[in-house]
Amino acid sequence: MLSYTIRRLLLLIPVFLVVSIVIFLIIHLVPGDPIDNLVRVGSTPEQKAEITARYGLDRPLVEQYLIWLSQLAQGDLGTAIVMRRPVADLIAQNLPYSLTLGGLALLFSTVLGIAAGVIAAMNKEGRIDRTVMTGVLFGSTMPSFWLGLILILVFAVQLRWFPVSGARSWESLVLPVLTIGLGGMALVARVTRIAMLETAGKDFVLLLHAKGLPARRIQLRHVLRHALLPVVTILGLRIGWVLGGAVTVEYVFARPGLGMLLIKALSQHDYPVVQACLLMLAMAVMLGTLLGDLIQAAMDPRVRSALT
């Protein structure tokens with residue numbers, strides 16, 4: 001298991017380098033310049049060139065990227081050009097809000113998604129199964145920003161049960177968590193149902209039925225345990241996608257977090273902040289995938305032996 005973990009960690013290095021290059025190029029090739037937010041009206045081209053040189057933006061892109069990469073290797077995310085604060089401080093200030101929202105949404109989608117998938121699989125092709133799958137289809141195709149607006153209109157504006165925006169109390173988390181979690185719940189439920197139906201047709205399950213064990217006990221104790229392997233992989237991917245989905249949801253609900261920080265930095269073309277935020281989201285996806293693979297390998301020795 002240790003050698004498998006080391007190999008998976010080493011595989012993240014080239015992936016990280018490729019992702020960092022893509023992020024850097026996308027940000028610098030987008031029209032716009034952070035210097036436009038610093039120069040005053042009527043400034044001369046010479047003054048603008050001086051500010052550009054001060055922040056090293058006049059250097060070739062390759063040199064700028066190598067400087068940024070060397071700073072990352074030292075744990076330095078740089079300094080925001082427009083906000084004029086260390087990027088690490090901005091991340092540390094906003095990341096807890098995104099982690100709280102993403103963690104609760106992931107917990108919500110995992111628990112209810114697995115429960116819905118189990119109920120649908122145990123009532124295969126019945127009325128309950130069709131009802132659950134219809135809800136799953138509806139939840140998986142609904143855009144999160146549109147669902148967020150609907151929840152605000154119904155539960156915040158009309159019923160006044162929850163606040164419209166902000167992050168001042170736990171009530172402000174309910175609607176954002178539902179907005180992110182419902183889409184993830186649909187995916188987890190669908191994968192759980194399919195995995196349980198496939199596992200239910202295996203020989204060891206037929207043998208358990210032949211021994212006279214109760215069907216409910218077989219489903220919950222044996223079939224579900226084996227069906228959780230693909231679910232774990234999906235949940236590993238969801239760790240990163242939940243944080244990424246929080247970007248639009250935080251904007252809809254006017255919540256502090258990486259999403260609001262990223263959108264503000266994009267509007268100002270603040271390169272260091274945008275690069276750091278996108279890199280954090282990409283690393284969340286990579287680490288989530290790694291965690292899912294490690295858990296799957298721990299649960300199933302065949303995964304480890306296939307890569308030895």
# chains A, B, ... in the order shown; residues from 1 in each chain; ligands from 1
>>> residues_around(residues="Leu151 of chain A", least_positions_apart="2", cutoff="12 Å", atoms="only C-alpha atoms", output="ChimeraX atom specification")
/A:144-149,153-165,174-180,182,249,252-253
>>> select_by_dssp(residues="segment 59-225 of chain A", states="helix (DSSP H, G or I)", output="PyMOL selection string")
chain A and resi 61-73+87-122+127-141+144-158+171-200+203-210+215-225
>>> residues_around(residues="Gly135 of chain A", least_positions_apart="5", cutoff="12 Å", atoms="only C-alpha atoms", output="NGL selection string")
:A and (113 or 116-117 or 120 or 128-130 or 140-142 or 182-183 or 185-187 or 189-190)
>>> atom_distance(atom1="atom CA of Thr79 of chain A", atom2="atom CA of Ile27 of chain A")
16.0 Å
>>> atom_distance(atom1="atom CA of Leu258 of chain A", atom2="atom CA of Asn94 of chain A")
5.6 Å
>>> residues_around(residues="Arg193 of chain A", least_positions_apart="6", cutoff="12 Å", atoms="only C-alpha atoms", output="PyMOL selection string")
chain A and resi 113-125+129-130+132-133+136+186-187+199-200+219+223-224+227-228+230-231
>>> write_last_selection(atoms="N, CA, C and O atoms", output="mmCIF file, in the first residue's frame")
data_model
loop_
_atom_site.group_PDB
_atom_site.id
_atom_site.type_symbol
_atom_site.label_atom_id
_atom_site.label_comp_id
_atom_site.auth_asym_id
_atom_site.auth_seq_id
_atom_site.Cartn_x
_atom_site.Cartn_y
_atom_site.Cartn_z
ATOM 1 N N GLY A 113 -27.503 10.727 -1.205
ATOM 2 C CA GLY A 113 -27.328 10.072 -2.498
ATOM 3 C C GLY A 113 -27.226 8.568 -2.364
ATOM 4 O O GLY A 113 -27.862 7.824 -3.121
ATOM 5 N N ILE A 114 -26.423 8.103 -1.408
ATOM 6 C CA ILE A 114 -26.308 6.660 -1.196
ATOM 7 C C ILE A 114 -27.645 6.084 -0.741
ATOM 8 O O ILE A 114 -28.070 5.009 -1.198
ATOM 9 N N ALA A 115 -28.328 6.784 0.159
ATOM 10 C CA ALA A 115 -29.634 6.298 0.639
ATOM 11 C C ALA A 115 -30.635 6.199 -0.509
ATOM 12 O O ALA A 115 -31.358 5.198 -0.634
ATOM 13 N N ALA A 116 -30.670 7.231 -1.369
ATOM 14 C CA ALA A 116 -31.603 7.201 -2.503
ATOM 15 C C ALA A 116 -31.245 6.079 -3.472
ATOM 16 O O ALA A 116 -32.132 5.393 -4.004
ATOM 17 N N GLY A 117 -29.948 5.866 -3.721
ATOM 18 C CA GLY A 117 -29.540 4.799 -4.624
ATOM 19 C C GLY A 117 -29.882 3.421 -4.089
ATOM 20 O O GLY A 117 -30.309 2.542 -4.841
ATOM 21 N N VAL A 118 -29.719 3.227 -2.775
ATOM 22 C CA VAL A 118 -30.053 1.939 -2.164
ATOM 23 C C VAL A 118 -31.557 1.682 -2.247
ATOM 24 O O VAL A 118 -31.996 0.574 -2.602
ATOM 25 N N ILE A 119 -32.348 2.702 -1.942
ATOM 26 C CA ILE A 119 -33.810 2.536 -2.000
ATOM 27 C C ILE A 119 -34.258 2.216 -3.420
ATOM 28 O O ILE A 119 -35.112 1.334 -3.640
ATOM 29 N N ALA A 120 -33.674 2.897 -4.406
ATOM 30 C CA ALA A 120 -34.049 2.636 -5.793
ATOM 31 C C ALA A 120 -33.644 1.231 -6.223
ATOM 32 O O ALA A 120 -34.410 0.533 -6.906
ATOM 33 N N ALA A 121 -32.441 0.784 -5.829
ATOM 34 C CA ALA A 121 -31.973 -0.554 -6.219
ATOM 35 C C ALA A 121 -32.796 -1.656 -5.566
ATOM 36 O O ALA A 121 -33.052 -2.697 -6.182
ATOM 37 N N MET A 122 -33.219 -1.442 -4.310
ATOM 38 C CA MET A 122 -34.002 -2.456 -3.606
ATOM 39 C C MET A 122 -35.441 -2.509 -4.101
ATOM 40 O O MET A 122 -36.163 -3.463 -3.781
ATOM 41 N N ASN A 123 -35.848 -1.519 -4.854
ATOM 42 C CA ASN A 123 -37.200 -1.507 -5.446
ATOM 43 C C ASN A 123 -37.094 -1.393 -6.963
ATOM 44 O O ASN A 123 -37.765 -0.583 -7.594
ATOM 45 N N LYS A 124 -36.227 -2.215 -7.543
ATOM 46 C CA LYS A 124 -35.920 -2.159 -8.966
ATOM 47 C C LYS A 124 -37.181 -2.226 -9.823
ATOM 48 O O LYS A 124 -38.027 -3.100 -9.644
ATOM 49 N N GLU A 125 -37.293 -1.226 -10.732
ATOM 50 C CA GLU A 125 -38.377 -1.128 -11.709
ATOM 51 C C GLU A 125 -39.752 -0.967 -11.061
ATOM 52 O O GLU A 125 -40.776 -1.163 -11.727
ATOM 53 N N ASP A 129 -38.666 3.176 -7.395
ATOM 54 C CA ASP A 129 -37.468 3.286 -8.232
ATOM 55 C C ASP A 129 -37.663 4.361 -9.307
ATOM 56 O O ASP A 129 -36.793 5.207 -9.531
ATOM 57 N N ARG A 130 -38.804 4.341 -9.974
ATOM 58 C CA ARG A 130 -39.064 5.328 -11.028
ATOM 59 C C ARG A 130 -39.154 6.740 -10.450
ATOM 60 O O ARG A 130 -38.672 7.703 -11.057
ATOM 61 N N VAL A 132 -37.636 7.881 -7.670
ATOM 62 C CA VAL A 132 -36.294 8.317 -7.282
ATOM 63 C C VAL A 132 -35.472 8.680 -8.503
ATOM 64 O O VAL A 132 -34.781 9.716 -8.531
ATOM 65 N N MET A 133 -35.532 7.856 -9.546
ATOM 66 C CA MET A 133 -34.742 8.125 -10.747
ATOM 67 C C MET A 133 -35.230 9.371 -11.485
ATOM 68 O O MET A 133 -34.438 10.086 -12.100
ATOM 69 N N VAL A 136 -33.697 12.110 -9.595
ATOM 70 C CA VAL A 136 -32.267 12.133 -9.885
ATOM 71 C C VAL A 136 -32.004 12.810 -11.224
ATOM 72 O O VAL A 136 -31.093 13.637 -11.371
ATOM 73 N N ALA A 186 -27.768 13.594 -6.861
ATOM 74 C CA ALA A 186 -28.288 12.888 -8.033
ATOM 75 C C ALA A 186 -27.235 11.971 -8.632
ATOM 76 O O ALA A 186 -27.514 10.821 -8.997
ATOM 77 N N LEU A 187 -26.003 12.465 -8.742
ATOM 78 C CA LEU A 187 -24.923 11.647 -9.312
ATOM 79 C C LEU A 187 -24.613 10.452 -8.431
ATOM 80 O O LEU A 187 -24.484 9.321 -8.925
ATOM 81 N N THR A 199 -23.794 -5.632 -8.818
ATOM 82 C CA THR A 199 -23.277 -6.523 -7.786
ATOM 83 C C THR A 199 -24.299 -7.596 -7.427
ATOM 84 O O THR A 199 -23.926 -8.735 -7.108
ATOM 85 N N ALA A 200 -25.579 -7.235 -7.479
ATOM 86 C CA ALA A 200 -26.620 -8.194 -7.099
ATOM 87 C C ALA A 200 -26.668 -9.405 -8.019
ATOM 88 O O ALA A 200 -27.206 -10.453 -7.640
ATOM 89 N N GLN A 219 -28.695 -7.217 0.810
ATOM 90 C CA GLN A 219 -28.543 -5.947 0.094
ATOM 91 C C GLN A 219 -27.718 -4.941 0.903
ATOM 92 O O GLN A 219 -26.815 -4.292 0.369
ATOM 93 N N VAL A 223 -24.122 -6.547 -0.589
ATOM 94 C CA VAL A 223 -24.164 -5.898 -1.909
ATOM 95 C C VAL A 223 -23.703 -4.452 -1.814
ATOM 96 O O VAL A 223 -22.888 -3.982 -2.626
ATOM 97 N N LEU A 224 -24.195 -3.718 -0.818
ATOM 98 C CA LEU A 224 -23.843 -2.308 -0.691
ATOM 99 C C LEU A 224 -22.351 -2.123 -0.457
ATOM 100 O O LEU A 224 -21.735 -1.204 -1.009
ATOM 101 N N ALA A 227 -20.665 -2.481 -3.679
ATOM 102 C CA ALA A 227 -21.090 -1.444 -4.624
ATOM 103 C C ALA A 227 -20.503 -0.084 -4.299
ATOM 104 O O ALA A 227 -20.552 0.831 -5.131
ATOM 105 N N LEU A 228 -19.947 0.076 -3.088
ATOM 106 C CA LEU A 228 -19.400 1.379 -2.695
ATOM 107 C C LEU A 228 -18.082 1.710 -3.379
ATOM 108 O O LEU A 228 -17.632 2.856 -3.324
ATOM 109 N N PRO A 230 -17.137 1.967 -6.720
ATOM 110 C CA PRO A 230 -17.248 3.069 -7.698
ATOM 111 C C PRO A 230 -17.784 4.352 -7.076
ATOM 112 O O PRO A 230 -17.461 5.449 -7.546
ATOM 113 N N VAL A 231 -18.583 4.238 -6.020
ATOM 114 C CA VAL A 231 -19.107 5.434 -5.356
ATOM 115 C C VAL A 231 -17.966 6.222 -4.712
ATOM 116 O O VAL A 231 -17.939 7.451 -4.757
#
>>> atom_distance(atom1="atom CA of Arg238 of chain A", atom2="atom CA of Thr289 of chain A")
8.5 Å
>>> residues_around(residues="Leu99 of chain A", least_positions_apart="6", cutoff="12 Å", atoms="only C-alpha atoms", output="mmCIF file with all heavy atoms, in the first residue's frame")
data_model
loop_
_atom_site.group_PDB
_atom_site.id
_atom_site.type_symbol
_atom_site.label_atom_id
_atom_site.label_comp_id
_atom_site.auth_asym_id
_atom_site.auth_seq_id
_atom_site.Cartn_x
_atom_site.Cartn_y
_atom_site.Cartn_z
ATOM 1 N N ILE A 91 -6.165 34.085 0.453
ATOM 2 C CA ILE A 91 -6.639 32.698 0.401
ATOM 3 C C ILE A 91 -7.029 32.213 1.793
ATOM 4 O O ILE A 91 -8.085 31.601 1.993
ATOM 5 C CB ILE A 91 -5.564 31.783 -0.208
ATOM 6 C CG1 ILE A 91 -5.273 32.161 -1.669
ATOM 7 C CG2 ILE A 91 -5.997 30.324 -0.113
ATOM 8 C CD1 ILE A 91 -6.403 31.906 -2.614
ATOM 9 N N ALA A 92 -6.170 32.483 2.780
ATOM 10 C CA ALA A 92 -6.449 32.039 4.147
ATOM 11 C C ALA A 92 -7.710 32.688 4.706
ATOM 12 O O ALA A 92 -8.416 32.089 5.519
ATOM 13 C CB ALA A 92 -5.249 32.358 5.037
ATOM 14 N N GLN A 93 -8.003 33.905 4.265
ATOM 15 C CA GLN A 93 -9.186 34.607 4.754
ATOM 16 C C GLN A 93 -10.467 34.045 4.151
ATOM 17 O O GLN A 93 -11.512 34.010 4.823
ATOM 18 C CB GLN A 93 -9.061 36.092 4.414
ATOM 19 C CG GLN A 93 -10.252 36.941 4.846
ATOM 20 C CD GLN A 93 -10.090 38.400 4.453
ATOM 21 O OE1 GLN A 93 -8.995 38.852 4.108
ATOM 22 N NE2 GLN A 93 -11.175 39.136 4.503
ATOM 23 N N ALA A 105 -21.921 20.398 1.798
ATOM 24 C CA ALA A 105 -22.602 19.973 0.570
ATOM 25 C C ALA A 105 -22.188 18.559 0.190
ATOM 26 O O ALA A 105 -23.023 17.754 -0.255
ATOM 27 C CB ALA A 105 -22.288 20.951 -0.560
ATOM 28 N N LEU A 106 -20.899 18.231 0.371
ATOM 29 C CA LEU A 106 -20.436 16.880 0.052
ATOM 30 C C LEU A 106 -21.051 15.864 1.004
ATOM 31 O O LEU A 106 -21.459 14.771 0.585
ATOM 32 C CB LEU A 106 -18.910 16.839 0.142
ATOM 33 C CG LEU A 106 -18.250 15.514 -0.222
ATOM 34 C CD1 LEU A 106 -18.497 15.176 -1.680
ATOM 35 C CD2 LEU A 106 -16.753 15.562 0.059
ATOM 36 N N LEU A 107 -21.124 16.201 2.299
ATOM 37 C CA LEU A 107 -21.749 15.299 3.267
ATOM 38 C C LEU A 107 -23.219 15.089 2.944
ATOM 39 O O LEU A 107 -23.723 13.952 2.977
ATOM 40 C CB LEU A 107 -21.589 15.879 4.674
ATOM 41 C CG LEU A 107 -22.212 15.073 5.818
ATOM 42 C CD1 LEU A 107 -21.555 13.713 5.937
ATOM 43 C CD2 LEU A 107 -22.102 15.834 7.141
ATOM 44 N N LEU A 173 -26.247 29.036 5.506
ATOM 45 C CA LEU A 173 -25.619 27.918 4.814
ATOM 46 C C LEU A 173 -26.630 26.964 4.183
ATOM 47 O O LEU A 173 -26.282 26.199 3.288
ATOM 48 C CB LEU A 173 -24.741 27.118 5.789
ATOM 49 C CG LEU A 173 -23.311 27.615 6.012
ATOM 50 C CD1 LEU A 173 -22.698 26.890 7.189
ATOM 51 C CD2 LEU A 173 -22.469 27.398 4.770
ATOM 52 N N VAL A 177 -25.946 25.076 0.576
ATOM 53 C CA VAL A 177 -25.657 23.641 0.677
ATOM 54 C C VAL A 177 -26.638 22.835 -0.159
ATOM 55 O O VAL A 177 -26.257 21.888 -0.863
ATOM 56 C CB VAL A 177 -25.688 23.193 2.150
ATOM 57 C CG1 VAL A 177 -25.703 21.670 2.256
ATOM 58 C CG2 VAL A 177 -24.482 23.743 2.894
ATOM 59 N N ILE A 239 -14.950 15.989 -4.447
ATOM 60 C CA ILE A 239 -14.288 16.903 -3.516
ATOM 61 C C ILE A 239 -13.822 18.154 -4.249
ATOM 62 O O ILE A 239 -14.016 19.283 -3.794
ATOM 63 C CB ILE A 239 -13.101 16.203 -2.829
ATOM 64 C CG1 ILE A 239 -13.612 15.094 -1.907
ATOM 65 C CG2 ILE A 239 -12.266 17.207 -2.034
ATOM 66 C CD1 ILE A 239 -12.512 14.274 -1.265
ATOM 67 N N GLY A 240 -13.204 17.949 -5.408
ATOM 68 C CA GLY A 240 -12.755 19.096 -6.185
ATOM 69 C C GLY A 240 -13.880 19.821 -6.870
ATOM 70 O O GLY A 240 -13.936 21.062 -6.896
ATOM 71 N N VAL A 242 -16.964 20.054 -6.001
ATOM 72 C CA VAL A 242 -17.796 20.802 -5.062
ATOM 73 C C VAL A 242 -17.222 22.193 -4.833
ATOM 74 O O VAL A 242 -17.935 23.196 -4.829
ATOM 75 C CB VAL A 242 -17.936 20.025 -3.733
ATOM 76 C CG1 VAL A 242 -18.358 20.948 -2.609
ATOM 77 C CG2 VAL A 242 -18.965 18.918 -3.879
ATOM 78 N N LEU A 243 -15.889 22.271 -4.639
ATOM 79 C CA LEU A 243 -15.259 23.585 -4.458
ATOM 80 C C LEU A 243 -15.378 24.414 -5.728
ATOM 81 O O LEU A 243 -15.578 25.637 -5.678
ATOM 82 C CB LEU A 243 -13.795 23.415 -4.069
ATOM 83 C CG LEU A 243 -13.518 22.932 -2.652
ATOM 84 C CD1 LEU A 243 -12.022 22.806 -2.408
ATOM 85 C CD2 LEU A 243 -14.132 23.879 -1.631
ATOM 86 N N GLY A 244 -15.241 23.761 -6.879
ATOM 87 C CA GLY A 244 -15.402 24.499 -8.127
ATOM 88 C C GLY A 244 -16.821 24.993 -8.323
ATOM 89 O O GLY A 244 -17.051 26.123 -8.787
ATOM 90 N N GLY A 245 -17.804 24.150 -7.962
ATOM 91 C CA GLY A 245 -19.191 24.578 -8.076
ATOM 92 C C GLY A 245 -19.559 25.666 -7.102
ATOM 93 O O GLY A 245 -20.503 26.437 -7.328
ATOM 94 N N ALA A 246 -18.802 25.751 -6.005
ATOM 95 C CA ALA A 246 -19.073 26.793 -5.015
ATOM 96 C C ALA A 246 -18.771 28.187 -5.548
ATOM 97 O O ALA A 246 -19.226 29.174 -4.977
ATOM 98 C CB ALA A 246 -18.254 26.532 -3.748
ATOM 99 N N VAL A 247 -17.993 28.270 -6.638
ATOM 100 C CA VAL A 247 -17.654 29.578 -7.202
ATOM 101 C C VAL A 247 -18.913 30.324 -7.614
ATOM 102 O O VAL A 247 -19.144 31.463 -7.213
ATOM 103 C CB VAL A 247 -16.691 29.412 -8.388
ATOM 104 C CG1 VAL A 247 -16.500 30.742 -9.107
ATOM 105 C CG2 VAL A 247 -15.352 28.876 -7.920
ATOM 106 N N GLU A 250 -21.439 30.796 -4.503
ATOM 107 C CA GLU A 250 -21.037 31.888 -3.613
ATOM 108 C C GLU A 250 -21.396 33.240 -4.223
ATOM 109 O O GLU A 250 -21.787 34.167 -3.501
ATOM 110 C CB GLU A 250 -19.531 31.813 -3.336
ATOM 111 C CG GLU A 250 -19.141 30.700 -2.383
ATOM 112 C CD GLU A 250 -17.639 30.532 -2.254
ATOM 113 O OE1 GLU A 250 -16.908 31.206 -3.008
ATOM 114 O OE2 GLU A 250 -17.204 29.729 -1.422
ATOM 115 N N PRO A 256 -18.842 35.187 1.143
ATOM 116 C CA PRO A 256 -17.389 35.242 1.013
ATOM 117 C C PRO A 256 -16.837 33.851 0.741
ATOM 118 O O PRO A 256 -17.426 32.843 1.120
ATOM 119 C CB PRO A 256 -16.933 35.772 2.379
ATOM 120 C CG PRO A 256 -18.032 35.392 3.320
ATOM 121 C CD PRO A 256 -19.307 35.473 2.518
ATOM 122 N N GLY A 257 -15.694 33.800 0.086
ATOM 123 C CA GLY A 257 -15.081 32.526 -0.248
ATOM 124 C C GLY A 257 -14.185 32.659 -1.462
ATOM 125 O O GLY A 257 -13.998 33.749 -2.017
ATOM 126 N N LEU A 258 -13.636 31.525 -1.893
ATOM 127 C CA LEU A 258 -12.756 31.546 -3.055
ATOM 128 C C LEU A 258 -13.496 32.006 -4.300
ATOM 129 O O LEU A 258 -12.906 32.628 -5.183
ATOM 130 C CB LEU A 258 -12.165 30.153 -3.287
ATOM 131 C CG LEU A 258 -11.046 29.688 -2.352
ATOM 132 C CD1 LEU A 258 -10.528 28.329 -2.790
ATOM 133 C CD2 LEU A 258 -9.909 30.698 -2.323
ATOM 134 N N GLY A 259 -14.787 31.672 -4.394
ATOM 135 C CA GLY A 259 -15.564 32.068 -5.562
ATOM 136 C C GLY A 259 -15.656 33.572 -5.712
ATOM 137 O O GLY A 259 -15.385 34.132 -6.780
ATOM 138 N N MET A 280 -5.684 26.442 -6.596
ATOM 139 C CA MET A 280 -6.285 25.798 -5.431
ATOM 140 C C MET A 280 -7.424 24.874 -5.849
ATOM 141 O O MET A 280 -7.546 23.750 -5.343
ATOM 142 C CB MET A 280 -6.804 26.864 -4.470
ATOM 143 C CG MET A 280 -5.720 27.685 -3.786
ATOM 144 S SD MET A 280 -4.755 26.730 -2.595
ATOM 145 C CE MET A 280 -6.011 26.373 -1.373
ATOM 146 N N LEU A 281 -8.256 25.330 -6.783
ATOM 147 C CA LEU A 281 -9.360 24.501 -7.254
ATOM 148 C C LEU A 281 -8.843 23.271 -7.993
ATOM 149 O O LEU A 281 -9.377 22.170 -7.834
ATOM 150 C CB LEU A 281 -10.279 25.322 -8.161
ATOM 151 C CG LEU A 281 -10.981 26.511 -7.497
ATOM 152 C CD1 LEU A 281 -11.808 27.280 -8.516
ATOM 153 C CD2 LEU A 281 -11.870 26.044 -6.353
ATOM 154 N N ALA A 284 -7.509 20.810 -5.541
ATOM 155 C CA ALA A 284 -8.598 20.118 -4.841
ATOM 156 C C ALA A 284 -9.078 18.924 -5.660
ATOM 157 O O ALA A 284 -9.347 17.847 -5.112
ATOM 158 C CB ALA A 284 -9.747 21.087 -4.575
#
>>> closest_atom_pairs(of="segment 195-275 of chain A", to="segment 51-64 of chain A", cutoff="12 Å", atoms="only C-alpha atoms", output="Markdown table")
| residue | atom | partner | partner_atom | distance |
| --- | --- | --- | --- | --- |
| A:Asp270 | CA | A:Tyr55 | CA | 11.4 |
| A:Tyr271 | CA | A:Leu57 | CA | 10.0 |
| A:Pro272 | CA | A:Tyr55 | CA | 10.7 |
>>> write_last_selection(atoms="C-alpha atoms", output="tab-separated table (two decimals), in the first residue's frame")
chain	number	residue	atom	x	y	z
A	270	ASP	CA	-5.21	40.53	-10.85
A	271	TYR	CA	-2.94	37.76	-12.16
A	272	PRO	CA	-1.44	36.42	-8.89
>>> residues_around(residues="Val22 of chain A", least_positions_apart="4", cutoff="12 Å", atoms="only C-alpha atoms", output="PyMOL selection string")
chain A and resi 15-18+26-29+65+275+278-279+282
>>> write_last_selection(atoms="N, CA, C and O atoms", output="short mmCIF file (atom, residue, chain, number, x, y, z; two decimals), in the first residue's frame")
data_model
loop_
_atom_site.label_atom_id
_atom_site.label_comp_id
_atom_site.auth_asym_id
_atom_site.auth_seq_id
_atom_site.Cartn_x
_atom_site.Cartn_y
_atom_site.Cartn_z
N VAL A 15 1.28 16.16 -13.59
CA VAL A 15 -0.08 16.72 -13.74
C VAL A 15 -0.12 18.15 -13.21
O VAL A 15 -0.70 19.05 -13.83
N PHE A 16 0.53 18.37 -12.06
CA PHE A 16 0.58 19.71 -11.48
C PHE A 16 1.27 20.69 -12.42
O PHE A 16 0.82 21.83 -12.59
N LEU A 17 2.37 20.27 -13.02
CA LEU A 17 3.11 21.15 -13.93
C LEU A 17 2.26 21.52 -15.15
O LEU A 17 2.22 22.69 -15.57
N VAL A 18 1.58 20.54 -15.72
CA VAL A 18 0.73 20.81 -16.89
C VAL A 18 -0.40 21.76 -16.52
O VAL A 18 -0.70 22.71 -17.25
N ILE A 26 -3.66 30.76 -19.82
CA ILE A 26 -5.04 31.24 -19.99
C ILE A 26 -5.19 32.64 -19.41
O ILE A 26 -5.77 33.54 -20.03
N ILE A 27 -4.65 32.85 -18.22
CA ILE A 27 -4.79 34.14 -17.56
C ILE A 27 -4.07 35.23 -18.33
O ILE A 27 -4.59 36.35 -18.51
N HIS A 28 -2.89 34.95 -18.83
CA HIS A 28 -2.09 35.99 -19.48
C HIS A 28 -2.49 36.22 -20.94
O HIS A 28 -2.11 37.25 -21.52
N LEU A 29 -3.22 35.29 -21.54
CA LEU A 29 -3.65 35.48 -22.92
C LEU A 29 -5.03 36.12 -23.01
O LEU A 29 -5.46 36.50 -24.10
N TYR A 65 6.57 32.80 -16.01
CA TYR A 65 6.09 31.51 -15.49
C TYR A 65 7.12 30.85 -14.60
O TYR A 65 6.79 30.32 -13.52
N GLN A 275 -4.48 33.24 -10.51
CA GLN A 275 -3.67 32.03 -10.64
C GLN A 275 -3.72 31.19 -9.37
O GLN A 275 -3.86 29.96 -9.44
N LEU A 278 -7.34 29.54 -9.03
CA LEU A 278 -7.52 28.43 -9.97
C LEU A 278 -6.62 27.25 -9.61
O LEU A 278 -7.03 26.09 -9.76
N LEU A 279 -5.43 27.54 -9.14
CA LEU A 279 -4.53 26.46 -8.74
C LEU A 279 -5.07 25.72 -7.52
O LEU A 279 -4.96 24.49 -7.43
N ALA A 282 -7.80 23.45 -8.81
CA ALA A 282 -7.22 22.31 -9.53
C ALA A 282 -6.59 21.32 -8.57
O ALA A 282 -6.73 20.10 -8.73
#
>>> residues_around(residues="Gly292 of chain A", least_positions_apart="3", cutoff="8 Å", atoms="only C-alpha atoms", output="list in words")
Val232, Thr233, Ile234, Leu235, Gly236, Leu237, Gly288, Thr289, Ile295 and Gln296 of chain A
>>> write_last_selection(atoms="all heavy atoms", output="CSV table (one decimal), in the first residue's frame")
chain,number,residue,atom,x,y,z
A,232,VAL,N,-17.0,5.5,-4.1
A,232,VAL,CA,-15.9,6.2,-3.5
A,232,VAL,C,-15.1,7.0,-4.5
A,232,VAL,O,-14.6,8.1,-4.3
A,232,VAL,CB,-15.0,5.1,-2.8
A,232,VAL,CG1,-13.6,5.7,-2.4
A,232,VAL,CG2,-15.6,4.6,-1.6
A,233,THR,N,-14.9,6.4,-5.7
A,233,THR,CA,-14.2,7.1,-6.8
A,233,THR,C,-14.9,8.4,-7.2
A,233,THR,O,-14.3,9.4,-7.4
A,233,THR,CB,-14.1,6.2,-8.0
A,233,THR,OG1,-13.4,5.0,-7.7
A,233,THR,CG2,-13.3,6.9,-9.1
A,234,ILE,N,-16.2,8.3,-7.3
A,234,ILE,CA,-17.0,9.5,-7.7
A,234,ILE,C,-16.9,10.5,-6.6
A,234,ILE,O,-16.8,11.7,-6.8
A,234,ILE,CB,-18.5,9.1,-7.9
A,234,ILE,CG1,-18.6,8.2,-9.1
A,234,ILE,CG2,-19.4,10.3,-8.0
A,234,ILE,CD1,-18.2,8.9,-10.4
A,235,LEU,N,-16.9,10.1,-5.3
A,235,LEU,CA,-16.9,11.0,-4.2
A,235,LEU,C,-15.5,11.7,-4.2
A,235,LEU,O,-15.4,12.9,-3.8
A,235,LEU,CB,-17.1,10.3,-2.9
A,235,LEU,CG,-18.5,9.8,-2.7
A,235,LEU,CD1,-18.7,9.1,-1.3
A,235,LEU,CD2,-19.5,11.0,-2.7
A,236,GLY,N,-14.4,11.0,-4.5
A,236,GLY,CA,-13.1,11.6,-4.6
A,236,GLY,C,-13.1,12.8,-5.6
A,236,GLY,O,-12.5,13.8,-5.4
A,237,LEU,N,-13.7,12.5,-6.8
A,237,LEU,CA,-13.8,13.6,-7.8
A,237,LEU,C,-14.7,14.7,-7.3
A,237,LEU,O,-14.4,15.9,-7.6
A,237,LEU,CB,-14.4,13.0,-9.1
A,237,LEU,CG,-13.5,12.0,-9.8
A,237,LEU,CD1,-14.2,11.4,-11.0
A,237,LEU,CD2,-12.2,12.7,-10.3
A,288,GLY,N,-8.5,15.2,-4.4
A,288,GLY,CA,-9.7,14.4,-4.2
A,288,GLY,C,-9.6,13.1,-5.0
A,288,GLY,O,-10.0,12.0,-4.5
A,289,THR,N,-9.1,13.2,-6.2
A,289,THR,CA,-8.9,12.0,-7.0
A,289,THR,C,-7.9,11.0,-6.4
A,289,THR,O,-8.1,9.8,-6.3
A,289,THR,CB,-8.4,12.3,-8.4
A,289,THR,OG1,-9.3,13.3,-9.0
A,289,THR,CG2,-8.3,11.1,-9.3
A,295,ILE,N,-8.5,5.2,-1.1
A,295,ILE,CA,-9.5,4.6,-0.4
A,295,ILE,C,-10.0,3.3,-1.1
A,295,ILE,O,-10.2,2.3,-0.6
A,295,ILE,CB,-10.7,5.5,-0.1
A,295,ILE,CG1,-10.3,6.6,0.8
A,295,ILE,CG2,-11.9,4.8,0.5
A,295,ILE,CD1,-11.3,7.7,1.1
A,296,GLN,N,-10.1,3.5,-2.5
A,296,GLN,CA,-10.5,2.3,-3.3
A,296,GLN,C,-9.5,1.2,-3.2
A,296,GLN,O,-9.8,0.0,-3.1
A,296,GLN,CB,-10.7,2.7,-4.7
A,296,GLN,CG,-11.4,1.7,-5.6
A,296,GLN,CD,-11.7,2.2,-7.0
A,296,GLN,OE1,-10.9,3.0,-7.5
A,296,GLN,NE2,-12.7,1.8,-7.6
>>> closest_residue(among="A:Leu137, A:Leu95, A:Gln268, A:Val188", to="Leu112 of chain A", atoms="only C-alpha atoms")
A:Val188
>>> closest_residue(among="A:Ala298, A:Leu290, A:Gly181, A:Ile67", to="Gly103 of chain A", atoms="only C-alpha atoms")
A:Gly181
